[in-house]
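*Asks:* Following this line is final-v2.cif, made up of mmCIF, C-alpha atoms:
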data_work
loop_
_atom_site.label_atom_id
_atom_site.label_comp_id
_atom_site.auth_asym_id
_atom_site.auth_seq_id
_atom_site.Cartn_x
_atom_site.Cartn_y
_atom_site.Cartn_z
CA MET A 218 -25.10 21.83 -21.06
CA ASP A 219 -23.41 21.26 -24.42
CA SER A 220 -20.68 18.72 -24.49
CA PRO A 221 -17.36 20.19 -25.61
CA LYS A 222 -16.35 19.67 -29.23
CA GLU A 223 -13.14 17.80 -29.89
CA ASN A 224 -11.17 20.93 -30.86
CA ASP A 225 -12.49 22.88 -27.88
CA ILE A 226 -10.47 20.76 -25.51
CA ASN A 227 -7.31 22.44 -24.45
CA TYR A 228 -5.13 19.58 -23.31
CA ALA A 229 -2.77 21.92 -21.47
CA ASP A 230 -5.66 22.86 -19.18
CA LEU A 231 -6.37 19.27 -18.19
CA THR A 232 -5.81 19.03 -14.47
CA ASP A 233 -5.03 15.89 -12.52
CA GLU A 234 -8.54 16.15 -11.18
CA ASN A 235 -10.06 16.17 -14.71
CA ILE A 236 -8.05 13.13 -15.62
CA ILE A 237 -8.99 11.28 -12.43
CA ASN A 238 -12.67 12.11 -12.96
CA TYR A 239 -12.47 10.83 -16.52
CA GLU A 240 -10.74 7.66 -15.37
CA ASN A 241 -13.40 7.17 -12.71
CA LEU A 242 -16.11 7.44 -15.38
CA ILE A 243 -14.43 4.71 -17.42
CA LYS A 244 -14.06 2.65 -14.25
CA GLU A 245 -17.74 3.04 -13.35
CA ASP A 246 -18.69 1.93 -16.87
CA GLU A 247 -16.44 -1.09 -16.56
CA GLU A 248 -17.90 -1.99 -13.16
CA LYS A 249 -21.34 -2.43 -14.74
CA LYS A 250 -19.99 -5.31 -16.82
CA PRO A 251 -19.92 -8.85 -15.42
CA LEU A 252 -16.63 -10.08 -13.96
CA VAL A 253 -16.51 -12.81 -16.59
CA SER A 254 -18.59 -12.66 -19.78
CA GLU A 255 -20.55 -15.49 -21.41
CA TYR A 256 -18.75 -17.62 -24.00
CA ASP A 257 -18.89 -16.17 -27.50
CA VAL A 258 -17.47 -17.07 -30.92
CA ILE A 259 -14.14 -15.51 -31.80
CA GLU A 260 -15.61 -13.46 -34.71
CA ASN A 261 -17.42 -11.32 -32.16
CA TYR A 262 -14.32 -10.35 -30.23
CA LYS A 263 -13.96 -6.57 -29.97
CA VAL A 264 -10.93 -4.55 -29.07
CA ASN A 265 -9.84 -0.96 -28.60
CA TYR A 266 -6.70 0.74 -29.84
CA ILE A 267 -6.04 -1.54 -32.81
CA ASP A 268 -6.50 -0.50 -36.41
CA SER A 269 -9.53 -2.41 -37.70
CA GLU A 270 -7.87 -3.81 -40.82
CA ILE A 271 -4.91 -5.27 -38.96
CA PHE A 272 -7.22 -6.42 -36.24
CA SER A 273 -9.62 -8.35 -38.47
CA LYS A 274 -6.64 -9.93 -40.20
CA LYS A 275 -5.38 -11.14 -36.85
CA ILE A 276 -8.76 -12.41 -35.70
CA ASN A 277 -8.85 -14.45 -38.91
CA GLN A 278 -5.45 -15.89 -38.05
CA LEU A 279 -6.67 -16.71 -34.55
CA LYS A 280 -9.55 -18.66 -36.06
CA ASN A 281 -7.07 -21.26 -37.27
CA ASP A 282 -6.53 -22.29 -33.65
CA CYS A 283 -9.38 -20.88 -31.62
CA LYS A 284 -13.14 -20.84 -31.87
CA GLY A 285 -14.24 -18.68 -28.98
CA TYR A 286 -13.47 -16.40 -26.09
CA ARG A 287 -14.65 -15.03 -22.77
CA SER A 288 -13.86 -11.50 -21.67
CA VAL A 289 -13.11 -10.37 -18.14
CA ARG A 290 -13.54 -6.97 -16.54
CA LYS A 291 -10.76 -4.46 -17.19
CA ASP A 292 -9.78 -3.67 -13.63
CA GLY A 293 -6.08 -4.49 -13.44
CA ASN A 294 -6.87 -8.03 -12.28
CA CYS A 295 -7.59 -9.31 -15.78
CA PHE A 296 -4.72 -11.78 -15.99
CA TYR A 297 -5.45 -13.27 -12.57
CA ARG A 298 -9.19 -13.47 -13.27
CA SER A 299 -8.83 -14.92 -16.80
CA PHE A 300 -6.26 -17.43 -15.66
CA SER A 301 -8.17 -18.61 -12.59
CA TYR A 302 -11.49 -18.91 -14.43
CA LYS A 303 -9.94 -21.01 -17.19
CA TYR A 304 -7.96 -23.06 -14.68
CA PHE A 305 -11.02 -23.99 -12.61
CA GLU A 306 -13.16 -24.49 -15.70
CA LEU A 307 -10.68 -27.00 -17.16
CA ILE A 308 -10.33 -28.79 -13.84
CA ASN A 309 -14.08 -29.00 -13.24
CA LYS A 310 -14.79 -30.18 -16.77
CA ASN A 311 -13.01 -33.41 -16.05
CA LYS A 312 -12.91 -33.56 -12.28
CA ASN A 313 -11.57 -37.07 -11.93
CA SER A 314 -8.77 -36.90 -14.47
CA LYS A 315 -5.25 -37.39 -13.24
CA TRP A 316 -4.40 -33.80 -14.19
CA SER A 317 -7.33 -32.34 -12.24
CA GLN A 318 -6.44 -34.42 -9.19
CA GLU A 319 -2.84 -33.21 -9.40
CA MET A 320 -3.95 -29.59 -9.70
CA LYS A 321 -6.19 -29.93 -6.66
CA LYS A 322 -3.40 -31.50 -4.63
CA ILE A 323 -1.03 -28.62 -5.42
CA ALA A 324 -3.72 -26.06 -4.61
CA LYS A 325 -4.60 -27.81 -1.37
CA ASP A 326 -0.96 -27.68 -0.27
CA SER A 327 -0.61 -24.00 -1.20
CA ILE A 328 -1.71 -22.83 2.26
CA ASN A 329 1.31 -24.59 3.76
CA VAL A 330 3.57 -23.00 1.19
CA LEU A 331 2.13 -19.59 2.04
CA THR A 332 2.47 -19.99 5.80
CA SER A 333 6.06 -21.19 5.26
CA VAL A 334 6.91 -17.70 3.95
CA ASN A 335 5.24 -16.08 6.96
CA PHE A 336 1.78 -15.23 5.71
CA GLU A 337 -0.41 -15.46 8.77
CA LYS A 338 -2.88 -18.30 8.52
CA GLU A 339 -5.64 -16.22 10.11
CA THR A 340 -5.23 -13.50 7.49
CA ILE A 341 -5.35 -15.79 4.47
CA GLU A 342 -7.46 -18.83 5.34
CA ASP A 343 -10.82 -17.40 4.25
CA PHE A 344 -9.36 -16.57 0.84
CA TYR A 345 -7.84 -20.03 0.68
CA ASP A 346 -11.35 -21.39 1.27
CA PHE A 347 -12.72 -19.23 -1.58
CA PHE A 348 -10.02 -20.66 -3.84
CA MET A 349 -10.61 -24.29 -2.82
CA ASP A 350 -14.40 -23.90 -3.11
CA ALA A 351 -13.97 -23.28 -6.84
CA PHE A 352 -12.96 -26.95 -7.21
CA ASP A 353 -16.64 -27.70 -6.62
CA PRO A 354 -18.39 -27.38 -10.02
CA GLN A 355 -21.56 -25.95 -8.52
CA LYS A 356 -19.79 -23.33 -6.41
CA PHE A 357 -17.55 -22.53 -9.39
CA ARG A 358 -20.64 -21.79 -11.52
CA GLU A 359 -22.77 -20.02 -8.94
CA ILE A 360 -20.41 -18.14 -6.63
CA SER A 361 -16.71 -18.11 -7.45
CA PHE A 362 -16.83 -15.72 -10.41
CA VAL A 363 -20.30 -14.28 -9.81
CA ASP A 364 -19.98 -12.85 -6.32
CA GLU A 365 -17.54 -9.95 -6.52
CA TYR A 366 -16.05 -10.36 -3.06
CA THR A 367 -15.41 -14.07 -3.62
CA SER A 368 -13.95 -13.49 -7.08
CA ASN A 369 -11.65 -10.73 -5.85
CA GLY A 370 -10.73 -12.96 -2.92
CA ILE A 371 -9.66 -15.66 -5.41
CA VAL A 372 -7.64 -13.07 -7.34
CA PHE A 373 -5.99 -12.01 -4.08
CA TYR A 374 -5.18 -15.61 -3.14
CA LEU A 375 -3.60 -16.19 -6.54
CA ARG A 376 -1.52 -13.04 -6.00
CA LEU A 377 -0.30 -14.55 -2.72
CA ILE A 378 0.60 -17.82 -4.46
CA CYS A 379 2.62 -15.73 -6.90
CA SER A 380 4.21 -13.73 -4.09
CA ALA A 381 5.23 -16.89 -2.17
CA GLU A 382 6.79 -18.47 -5.28
CA LEU A 383 8.78 -15.26 -5.97
CA LYS A 384 10.08 -15.32 -2.39
CA ILE A 385 10.90 -19.03 -2.26
CA ASN A 386 12.69 -19.27 -5.62
CA HIS A 387 13.84 -15.65 -5.74
CA GLU A 388 17.10 -16.43 -7.54
CA ALA A 389 15.09 -17.52 -10.60
CA TYR A 390 13.22 -14.22 -10.85
CA GLU A 391 15.39 -11.44 -9.42
CA MET A 392 17.33 -10.99 -12.65
CA PHE A 393 14.12 -9.88 -14.39
CA LEU A 394 13.33 -7.18 -11.85
CA GLU A 395 14.35 -3.55 -11.87
CA GLU A 396 13.83 -3.13 -8.15
CA PRO A 397 14.36 -5.16 -4.97
CA LEU A 398 12.11 -8.21 -4.76
CA ASP A 399 10.32 -7.12 -1.57
CA SER A 400 9.32 -3.78 -3.01
CA PHE A 401 8.26 -5.41 -6.30
CA ILE A 402 6.01 -7.79 -4.36
CA SER A 403 4.44 -5.16 -2.12
CA ARG A 404 3.88 -2.71 -4.99
CA GLN A 405 3.17 -4.89 -8.02
CA VAL A 406 2.02 -8.31 -6.86
CA GLU A 407 0.01 -8.21 -3.63
CA PRO A 408 -2.19 -5.12 -4.16
CA LEU A 409 -5.33 -5.79 -6.17
CA GLY A 410 -5.65 -3.94 -9.46
CA ARG A 411 -1.98 -4.15 -10.46
CA ASP A 412 -1.33 -5.70 -13.87
CA VAL A 413 1.10 -8.55 -14.46
CA ASP A 414 4.47 -8.68 -16.17
CA ASN A 415 5.98 -11.89 -17.47
CA VAL A 416 7.66 -12.44 -14.09
CA GLN A 417 4.31 -12.88 -12.33
CA ILE A 418 3.11 -15.21 -15.10
CA MET A 419 6.23 -17.35 -14.76
CA ALA A 420 5.83 -17.51 -10.98
CA ILE A 421 2.19 -18.63 -11.20
CA VAL A 422 3.03 -21.25 -13.83
CA ASN A 423 5.80 -22.65 -11.62
CA ALA A 424 3.81 -22.51 -8.40
CA LEU A 425 0.76 -24.31 -9.81
CA LYS A 426 2.66 -26.41 -12.39
CA VAL A 427 0.42 -25.46 -15.29
CA CYS A 428 1.08 -24.55 -18.90
CA ILE A 429 -0.25 -21.23 -20.19
CA ASN A 430 -0.33 -20.38 -23.90
CA ILE A 431 -0.85 -16.71 -24.69
CA ALA A 432 -1.77 -15.28 -28.10
CA TYR A 433 -0.39 -11.75 -28.46
CA LEU A 434 -2.56 -9.61 -30.64
CA ASP A 435 -1.02 -6.19 -31.25
CA SER A 436 -1.14 -3.45 -33.87
CA THR A 437 1.99 -4.53 -35.75
CA ASN A 438 1.79 -6.14 -39.15
CA ASN A 439 3.32 -9.38 -37.90
CA ASN A 440 1.37 -12.56 -37.40
CA VAL A 441 -0.33 -13.39 -34.13
CA ASN A 442 2.42 -14.46 -31.81
CA TRP A 443 1.86 -17.35 -29.37
CA ILE A 444 4.08 -17.68 -26.32
CA LYS A 445 3.97 -20.70 -24.05
CA PHE A 446 4.84 -20.46 -20.37
CA GLY A 447 5.56 -23.67 -18.45
CA GLU A 448 5.80 -26.00 -21.43
CA GLU A 449 7.58 -28.47 -19.12
CA TYR A 450 4.32 -28.90 -17.19
CA GLN A 451 2.47 -30.04 -20.29
CA LYS A 452 3.35 -33.68 -19.80
CA ASP A 453 1.64 -35.04 -22.92
CA ALA A 454 -0.60 -33.87 -25.72
CA ASN A 455 -3.66 -34.50 -23.55
CA SER A 456 -2.60 -32.26 -20.67
CA PRO A 457 -4.86 -29.24 -20.57
CA VAL A 458 -3.32 -25.89 -21.47
CA ILE A 459 -4.71 -22.53 -20.37
CA ASN A 460 -5.17 -20.43 -23.50
CA LEU A 461 -5.29 -16.69 -23.04
CA LEU A 462 -5.48 -13.71 -25.36
CA PHE A 463 -3.40 -10.59 -24.83
CA THR A 464 -4.41 -7.32 -26.48
CA PRO A 465 -2.62 -4.06 -25.54
CA GLY A 466 -3.09 -3.72 -21.78
CA HIS A 467 -5.57 -6.56 -21.31
CA TYR A 468 -5.95 -10.34 -20.98
CA ASP A 469 -9.03 -12.41 -21.90
CA MET A 470 -9.62 -16.16 -22.32
CA LEU A 471 -9.43 -18.18 -25.52
CA TYR A 472 -11.04 -21.52 -26.39
CA HIS A 473 -9.03 -23.77 -28.64
CA ASN A 474 -10.77 -25.48 -31.57
CA ASP A 475 -10.51 -28.91 -29.97
CA GLU A 476 -11.79 -27.77 -26.56
CA ASN A 477 -15.27 -28.72 -25.41
CA VAL A 478 -17.28 -25.68 -24.50
CA MET B 198 -23.39 -8.10 1.14
CA SER B 199 -23.40 -11.87 1.43
CA PHE B 200 -23.28 -13.63 4.78
CA ARG B 201 -19.91 -15.06 3.82
CA GLN B 202 -18.47 -11.64 2.99
CA ARG B 203 -19.75 -10.18 6.25
CA SER B 204 -18.32 -13.04 8.23
CA THR B 205 -14.89 -12.79 6.56
CA THR B 206 -14.77 -9.04 7.05
CA LEU B 207 -15.94 -9.13 10.66
CA LYS B 208 -13.60 -11.96 11.59
CA ARG B 209 -10.70 -10.01 10.16
CA LEU B 210 -11.65 -6.79 11.98
CA MET B 211 -12.04 -8.62 15.29
CA THR B 212 -8.66 -10.34 14.86
CA GLU B 213 -7.01 -7.00 14.15
CA TYR B 214 -8.69 -5.37 17.12
CA LYS B 215 -7.57 -8.15 19.44
CA GLU B 216 -4.03 -7.94 18.08
CA LEU B 217 -3.94 -4.13 18.52
CA THR B 218 -5.22 -4.40 22.07
CA LEU B 219 -2.66 -7.01 23.07
CA ASN B 220 0.36 -5.49 21.30
CA ALA B 221 -0.43 -1.83 20.80
CA PRO B 222 2.42 0.10 19.16
CA GLU B 223 3.58 3.04 21.24
CA GLY B 224 1.53 6.16 20.84
CA ILE B 225 -1.41 4.51 19.11
CA ILE B 226 -4.80 3.47 20.42
CA ALA B 227 -7.54 2.18 18.11
CA GLY B 228 -10.76 0.22 18.30
CA PRO B 229 -14.40 0.10 17.25
CA VAL B 230 -16.50 3.10 18.25
CA SER B 231 -19.20 0.77 19.56
CA GLU B 232 -19.66 -2.94 20.04
CA THR B 233 -22.52 -2.93 17.57
CA ASP B 234 -20.56 -1.48 14.67
CA PHE B 235 -17.19 -3.00 13.89
CA PHE B 236 -16.97 -1.04 10.63
CA LYS B 237 -16.23 2.28 12.35
CA TRP B 238 -13.18 2.71 14.54
CA GLU B 239 -11.80 5.56 16.53
CA ALA B 240 -8.04 6.05 16.74
CA LEU B 241 -5.90 8.31 18.89
CA ILE B 242 -2.46 9.16 17.60
CA SER B 243 0.26 10.87 19.61
CA GLY B 244 2.36 13.33 17.68
CA PRO B 245 5.85 11.90 17.13
CA GLU B 246 8.68 13.23 19.26
CA LYS B 247 11.06 15.87 17.90
CA THR B 248 8.45 17.08 15.43
CA PRO B 249 6.10 20.07 15.76
CA TYR B 250 3.31 17.51 16.34
CA GLU B 251 4.99 16.34 19.59
CA GLY B 252 2.70 16.45 22.59
CA GLY B 253 -0.50 16.40 20.54
CA ILE B 254 -3.15 13.68 20.80
CA PHE B 255 -5.01 13.57 17.50
CA PRO B 256 -8.34 11.75 17.21
CA ALA B 257 -9.38 10.15 13.90
CA ILE B 258 -12.16 7.94 12.55
CA LEU B 259 -11.48 4.89 10.38
CA THR B 260 -14.38 3.76 8.19
CA PHE B 261 -14.10 0.25 6.78
CA PRO B 262 -15.72 -0.69 3.46
CA ASN B 263 -17.97 -3.74 3.11
CA ASP B 264 -15.27 -5.51 1.15
CA TYR B 265 -12.51 -5.02 3.73
CA PRO B 266 -9.70 -6.18 3.63
CA LEU B 267 -9.82 -6.31 -0.19
CA SER B 268 -10.28 -2.52 -0.11
CA PRO B 269 -8.70 -0.23 2.48
CA PRO B 270 -10.52 1.88 5.08
CA VAL B 271 -10.85 5.66 4.89
CA MET B 272 -9.15 7.62 7.64
CA GLU B 273 -10.22 11.09 8.73
CA PHE B 274 -8.90 13.20 11.56
CA THR B 275 -11.72 14.73 13.54
CA CYS B 276 -9.57 17.53 14.93
CA GLU B 277 -7.98 20.43 13.10
CA MET B 278 -4.83 19.26 11.30
CA TRP B 279 -2.20 21.20 9.35
CA HIS B 280 -0.23 18.81 7.15
CA PRO B 281 0.61 18.52 3.42
CA ASN B 282 -0.91 15.00 3.19
CA ILE B 283 -4.13 15.65 5.10
CA TYR B 284 -7.05 17.35 3.35
CA LYS B 285 -8.57 20.35 5.09
CA ASN B 286 -11.61 18.18 5.95
CA GLY B 287 -9.31 15.79 7.84
CA LYS B 288 -9.08 12.99 5.28
CA VAL B 289 -5.66 11.32 5.18
CA CYS B 290 -4.05 10.86 1.77
CA ILE B 291 -1.19 8.36 1.76
CA SER B 292 -0.43 5.56 -0.64
CA ILE B 293 -1.23 2.72 1.75
CA LEU B 294 -4.83 4.00 1.96
CA HIS B 295 -5.48 4.01 -1.77
CA ALA B 296 -8.14 1.69 -3.14
CA PRO B 297 -7.09 -1.08 -5.57
CA GLY B 298 -6.02 0.19 -8.95
CA ASN B 299 -6.56 3.77 -7.89
CA ASP B 300 -3.39 5.71 -8.56
CA PRO B 301 -4.30 9.38 -8.43
CA ASN B 302 -0.71 10.45 -8.12
CA MET B 303 2.21 8.91 -9.90
CA TYR B 304 4.64 10.28 -7.31
CA GLU B 305 3.32 7.64 -5.01
CA SER B 306 3.98 4.71 -7.28
CA SER B 307 7.22 4.18 -5.40
CA ASN B 308 5.42 3.74 -2.10
CA GLU B 309 3.76 0.81 -0.46
CA ARG B 310 0.08 0.64 -1.31
CA TRP B 311 -2.90 -1.12 0.16
CA SER B 312 -3.17 -4.86 -0.12
CA PRO B 313 -5.09 -7.27 2.11
CA VAL B 314 -1.85 -8.33 3.81
CA GLN B 315 -1.56 -4.82 5.23
CA SER B 316 -3.42 -3.97 8.44
CA VAL B 317 -4.88 -1.19 10.56
CA GLU B 318 -1.69 -1.26 12.59
CA LYS B 319 0.45 -0.69 9.48
CA ILE B 320 -1.82 2.15 8.38
CA LEU B 321 -1.53 3.89 11.75
CA LEU B 322 2.24 3.44 11.81
CA SER B 323 2.42 4.91 8.30
CA VAL B 324 0.37 7.86 9.49
CA VAL B 325 2.81 8.44 12.36
CA SER B 326 5.70 8.37 9.85
CA MET B 327 3.75 10.71 7.63
CA LEU B 328 3.41 13.21 10.50
CA ALA B 329 7.16 13.03 11.08
CA GLU B 330 8.03 13.25 7.39
CA PRO B 331 5.49 15.03 5.21
CA ASN B 332 5.61 14.33 1.49
CA ASP B 333 5.20 17.72 -0.16
CA GLU B 334 5.38 16.28 -3.68
CA SER B 335 1.83 14.96 -3.67
CA PRO B 336 -0.04 17.33 -1.41
CA ALA B 337 -3.64 16.96 -0.26
CA ASN B 338 -3.40 20.39 1.35
CA VAL B 339 -1.55 22.57 -1.16
CA ASP B 340 -1.31 25.57 1.19
CA ALA B 341 0.22 23.47 3.93
CA ALA B 342 2.65 21.94 1.42
CA LYS B 343 3.75 25.37 0.18
CA MET B 344 4.21 26.64 3.70
CA TYR B 345 6.14 23.49 4.63
CA ARG B 346 8.45 24.03 1.68
CA ASN B 347 8.87 27.83 1.84
CA ASN B 348 8.48 28.83 5.46
CA ARG B 349 9.21 26.01 7.85
CA GLU B 350 9.06 28.23 10.92
CA GLU B 351 5.55 29.45 10.12
CA PHE B 352 4.53 25.86 9.33
CA ASP B 353 5.84 24.56 12.65
CA ASN B 354 4.06 27.35 14.57
CA ARG B 355 0.81 26.65 12.81
CA VAL B 356 1.15 22.93 13.66
CA ARG B 357 1.90 23.72 17.33
CA LYS B 358 -1.37 25.67 17.48
CA THR B 359 -3.26 22.56 16.32
CA VAL B 360 -1.42 20.57 18.99
CA GLU B 361 -2.69 22.97 21.66
CA LYS B 362 -6.19 22.76 20.22
CA SER B 363 -6.09 18.96 20.15
CA LEU B 364 -5.37 19.05 23.88
CA GLY B 365 -8.24 21.45 24.49
CA PHE B 366 -6.21 24.55 25.39
#
Please go through the file and, once you have read it, give me the structure as structure tokens.
*Replies:*
Amino acid sequence: MDSPKENDINYADLTDENIINYENLIKEDEEKKPLVSEYDVIENYKVNYIDSEIFSKKINQLKNDCKGYRSVRKDGNCFYRSFSYKYFELINKNKNSKWSQEMKKIAKDSINVLTSVNFEKETIEDFYDFFMDAFDPQKFREISFVDEYTSNGIVFYLRLICSAELKINHEAYEMFLEEPLDSFISRQVEPLGRDVDNVQIMAIVNALKVCINIAYLDSTNNNVNWIKFGEEYQKDANSPVINLLFTPGHYDMLYHNDENV
Amino acid sequence: MSFRQRSTTLKRLMTEYKELTLNAPEGIIAGPVSETDFFKWEALISGPEKTPYEGGIFPAILTFPNDYPLSPPVMEFTCEMWHPNIYKNGKVCISILHAPGNDPNMYESSNERWSPVQSVEKILLSVVSMLAEPNDESPANVDAAKMYRNNREEFDNRVRKTVEKSLGF
């Protein structure tokens, strides 16, 4: 069968079913990729939807600060997956540092925070175990982001951490929402595959007391824009920061020039 | 499927089964088809009162994926059903049963969708609500949806026939 030529496609005839089938094809393609890619130098970063001239200009700008990246699968969990990989990687790189110990203590206590907002322990404890296991460098390397069920379980647990923080300190977040908090949480936070807004990022930063620095790379002519979340948690110049890269609709990880890889 | 995944999934299904047996919501019975396969459940749903489904006992099969509860089960009625949100082959189409990231119909974006904090019980309760209040904006059975919208009397009669059938008359 011949494939249709570009101008043969009548967009008015596209049915919901056609669109869903097409989306499923893209999804299947994406599912063949690893959850988290190998480290690569920033020059090799590829992106869709951005004009190549503007894009290469911005990659050059990024080079001033960053030397490399890792990509994660585009499945609507990209922020949670990028964040958690980088978080555990930084912690495991220097396991005994004061910062790593603090991070582990907060994570360890998270199950109590979650049960305090009525998540049932029985429902969440296996996912809590998946999350805590990633503090072990060997399990982090071999299971946490390799086995799909475990990795999605970690993403889910991080979503619950976010959900609990939104509930506990709701007055800090409600003003950013266009719908009641409960419905926002059950529609946008807890289900897997739902992307983040800044509200979820703020909640995760506050719940885990980490600093996230995001480079926004878009198709405008402006310079690459960095936005820091949770600067107050970066206690001194040596406190690790989680560097992420945002391109339209997707988050990946960035490696700063002074980071050990 | 890793041992760990199987153990998490099985533990969760057993907990839910126990919970449903101890505190079954009215009009709902559900449990594994056999003791050797916890991934396939049978459910019996009574038609809600004051609806054309009243009096009916509708059997359905729930099939759980290997990555439950990260992904939702599939629910299919095994009897004849006439309802805008149930496919002609019996498969139930409501937002709470949609797999992660799968949003085939934007009408449903306002509804609760599957997440691992949901449960079989919540699914079955949603199905009971769905029987009482069909959503004809995102139909799985277009003919049933049209009939529901344009000729309620004919729709109700057709449903009552499935009720009789479900009882074996």
*Asks:* Contacts of range 291-302 of chain A at 6 Å or less, counting only C-alpha atoms, minus same-chain residues fewer than 4 places along, as a PDB file with C-alpha atoms, in the frame of the given file?
*Replies:*
ATOM      1  CA  GLU A 306     -13.160 -24.490 -15.700  1.00  0.00           C
ATOM      2  CA  VAL A 372      -7.640 -13.070  -7.340  1.00  0.00           C
ATOM      3  CA  GLY A 410      -5.650  -3.940  -9.460  1.00  0.00           C
ATOM      4  CA  ARG A 411      -1.980  -4.150 -10.460  1.00  0.00           C
ATOM      5  CA  ASP A 412      -1.330  -5.700 -13.870  1.00  0.00           C
ATOM      6  CA  TYR A 468      -5.950 -10.340 -20.980  1.00  0.00           C
ATOM      7  CA  ASP A 469      -9.030 -12.410 -21.900  1.00  0.00           C
ATOM      8  CA  MET A 470      -9.620 -16.160 -22.320  1.00  0.00           C
TER       9      MET A 470
END
*Asks:* Tell me which residues the PyMOL selection byres ((chain A) within 6 of (chain B)) grabs here, as a list in words.
*Replies:*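 Given this file, the PyMOL selection byres ((chain A) within 6 of (chain B)) evaluates to Arg404, Glu407, Pro408, Leu409 and Gly410 of chain A.
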*Asks:* Could you write those residues out with C-alpha atoms, as a PDB file, keeping the file's coordinate frame?
*Replies:*
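Saved to part03.pdb:
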ATOM      1  CA  ARG A 404       3.880  -2.710  -4.990  1.00  0.00           C
ATOM      2  CA  GLU A 407       0.010  -8.210  -3.630  1.00  0.00           C
ATOM      3  CA  PRO A 408      -2.190  -5.120  -4.160  1.00  0.00           C
ATOM      4  CA  LEU A 409      -5.330  -5.790  -6.170  1.00  0.00           C
ATOM      5  CA  GLY A 410      -5.650  -3.940  -9.460  1.00  0.00           C
TER       6      GLY A 410
END
*Asks:* Once the PyMOL selection byres ((chain B and resi 344) around 12) has been evaluated on this model, what residues remain selected, and can you format them as a ChimeraX atom specification?
*Replies:* /B:279-281,331,333,336,338-343,345-356
*Asks:* Would you save the residues of that selection, restricted to C-alpha atoms, as a short mmCIF file (atom, residue, chain, number, x, y, z; two decimals), keeping the file's coordinate frame?
*Replies:*
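part-v5.cif, freshly written:
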data_model
loop_
_atom_site.label_atom_id
_atom_site.label_comp_id
_atom_site.auth_asym_id
_atom_site.auth_seq_id
_atom_site.Cartn_x
_atom_site.Cartn_y
_atom_site.Cartn_z
CA TRP B 279 -2.20 21.20 9.35
CA HIS B 280 -0.23 18.81 7.15
CA PRO B 281 0.61 18.52 3.42
CA PRO B 331 5.49 15.03 5.21
CA ASP B 333 5.20 17.72 -0.16
CA PRO B 336 -0.04 17.33 -1.41
CA ASN B 338 -3.40 20.39 1.35
CA VAL B 339 -1.55 22.57 -1.16
CA ASP B 340 -1.31 25.57 1.19
CA ALA B 341 0.22 23.47 3.93
CA ALA B 342 2.65 21.94 1.42
CA LYS B 343 3.75 25.37 0.18
CA TYR B 345 6.14 23.49 4.63
CA ARG B 346 8.45 24.03 1.68
CA ASN B 347 8.87 27.83 1.84
CA ASN B 348 8.48 28.83 5.46
CA ARG B 349 9.21 26.01 7.85
CA GLU B 350 9.06 28.23 10.92
CA GLU B 351 5.55 29.45 10.12
CA PHE B 352 4.53 25.86 9.33
CA ASP B 353 5.84 24.56 12.65
CA ASN B 354 4.06 27.35 14.57
CA ARG B 355 0.81 26.65 12.81
CA VAL B 356 1.15 22.93 13.66
#
*Asks:* Which of these residues is nearest to Glu365 in chain A, using all atoms listed in the file: A:Ile323, A:Asn329, A:Asp246, A:Phe347?
*Replies:*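 Comparing A:Ile323, A:Asn329, A:Asp246, A:Phe347 against Glu365 in chain A, the winner is A:Phe347.
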*Asks:* Convert the output of the PyMOL selection byres ((chain A and resi 425) around 8) on the shown file into explicit residues, formatted as a list in words.
*Replies:*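 Here the PyMOL selection byres ((chain A and resi 425) around 8) matches Met320, Ile323, Ala324, Ile421, Val422, Asn423, Ala424, Lys426 and Val427 of chain A.
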*Asks:* Hey, can you check how far CA of Ile308 in chain A sits from CA of Lys321 in chain A?
*Replies:*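 Between CA of Ile308 in chain A and CA of Lys321 in chain A the gap works out to 8.4 Å.
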*Asks:* Please list as number ranges by chain every residue within 6 Å of range 429-438 of chain A, counting only C-alpha atoms and excluding residues in the same chain fewer than 6 positions away.
*Replies:* A: 267, 444-446, 458-464
*Asks:* Rounded to one decimal in Å, what is the spacing between CA of Leu331 in chain A and CA of Leu377 in chain A?
*Replies:*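 Taking CA of Leu331 in chain A as the start and CA of Leu377 in chain A as the end point, the length is 7.3 Å.
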*Asks:* Calculated over all atoms listed in the file, which of the candidates B:Phe235, B:Phe261, B:Phe366, B:Tyr284 has the smallest distance to Met211 in chain B?
*Replies:*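 Ranked by minimum distance to Met211 in chain B, first place goes to B:Phe235.
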*Asks:* Restricting the calculation to only C-alpha atoms: of A:Phe272, A:Tyr304, A:Phe348, A:Tyr366, which residue gets closest to Asn440 in chain A?
*Replies:*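 Among the listed residues, the smallest separation from Asn440 in chain A belongs to A:Phe272.
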*Asks:* With distances taken over all atoms listed in the file, which of A:Ala454, A:Leu398, A:Cys379, A:Val289 is nearest to Lys250 in chain A?
*Replies:*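 Counting all atoms listed in the file, the residue closest to Lys250 in chain A is A:Val289.
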*Asks:* Hey, can you check how far CA of Cys283 in chain A sits from CA of Pro457 in chain A?
*Replies:*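 Rounded to one decimal, the two atoms are 14.6 Å apart.
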*Asks:* Box for range 213-223 of chain B: with edges along x, y and z, all listed atoms inside and 4 Å added on each side, what are the centre and edge lengths in Å to one decimal, as AutoDock Vina command-line options?
*Replies:*
--center_x -2.6 --center_y -2.6 --center_z 18.6 --size_x 20.3 --size_y 19.2 --size_z 16.9
*Asks:* Give as a PDB file with C-alpha atoms, keeping the file's coordinate frame every residue, naming chains and numbers as the document does, that has an atom within 8 Å of (-20.2, -18.0, -18.0), counting all atoms listed in the file.
*Replies:*
ATOM      1  CA  VAL A 253     -16.510 -12.810 -16.590  1.00  0.00           C
ATOM      2  CA  SER A 254     -18.590 -12.660 -19.780  1.00  0.00           C
ATOM      3  CA  GLU A 255     -20.550 -15.490 -21.410  1.00  0.00           C
ATOM      4  CA  TYR A 256     -18.750 -17.620 -24.000  1.00  0.00           C
ATOM      5  CA  ARG A 287     -14.650 -15.030 -22.770  1.00  0.00           C
ATOM      6  CA  ARG A 358     -20.640 -21.790 -11.520  1.00  0.00           C
TER       7      ARG A 358
END
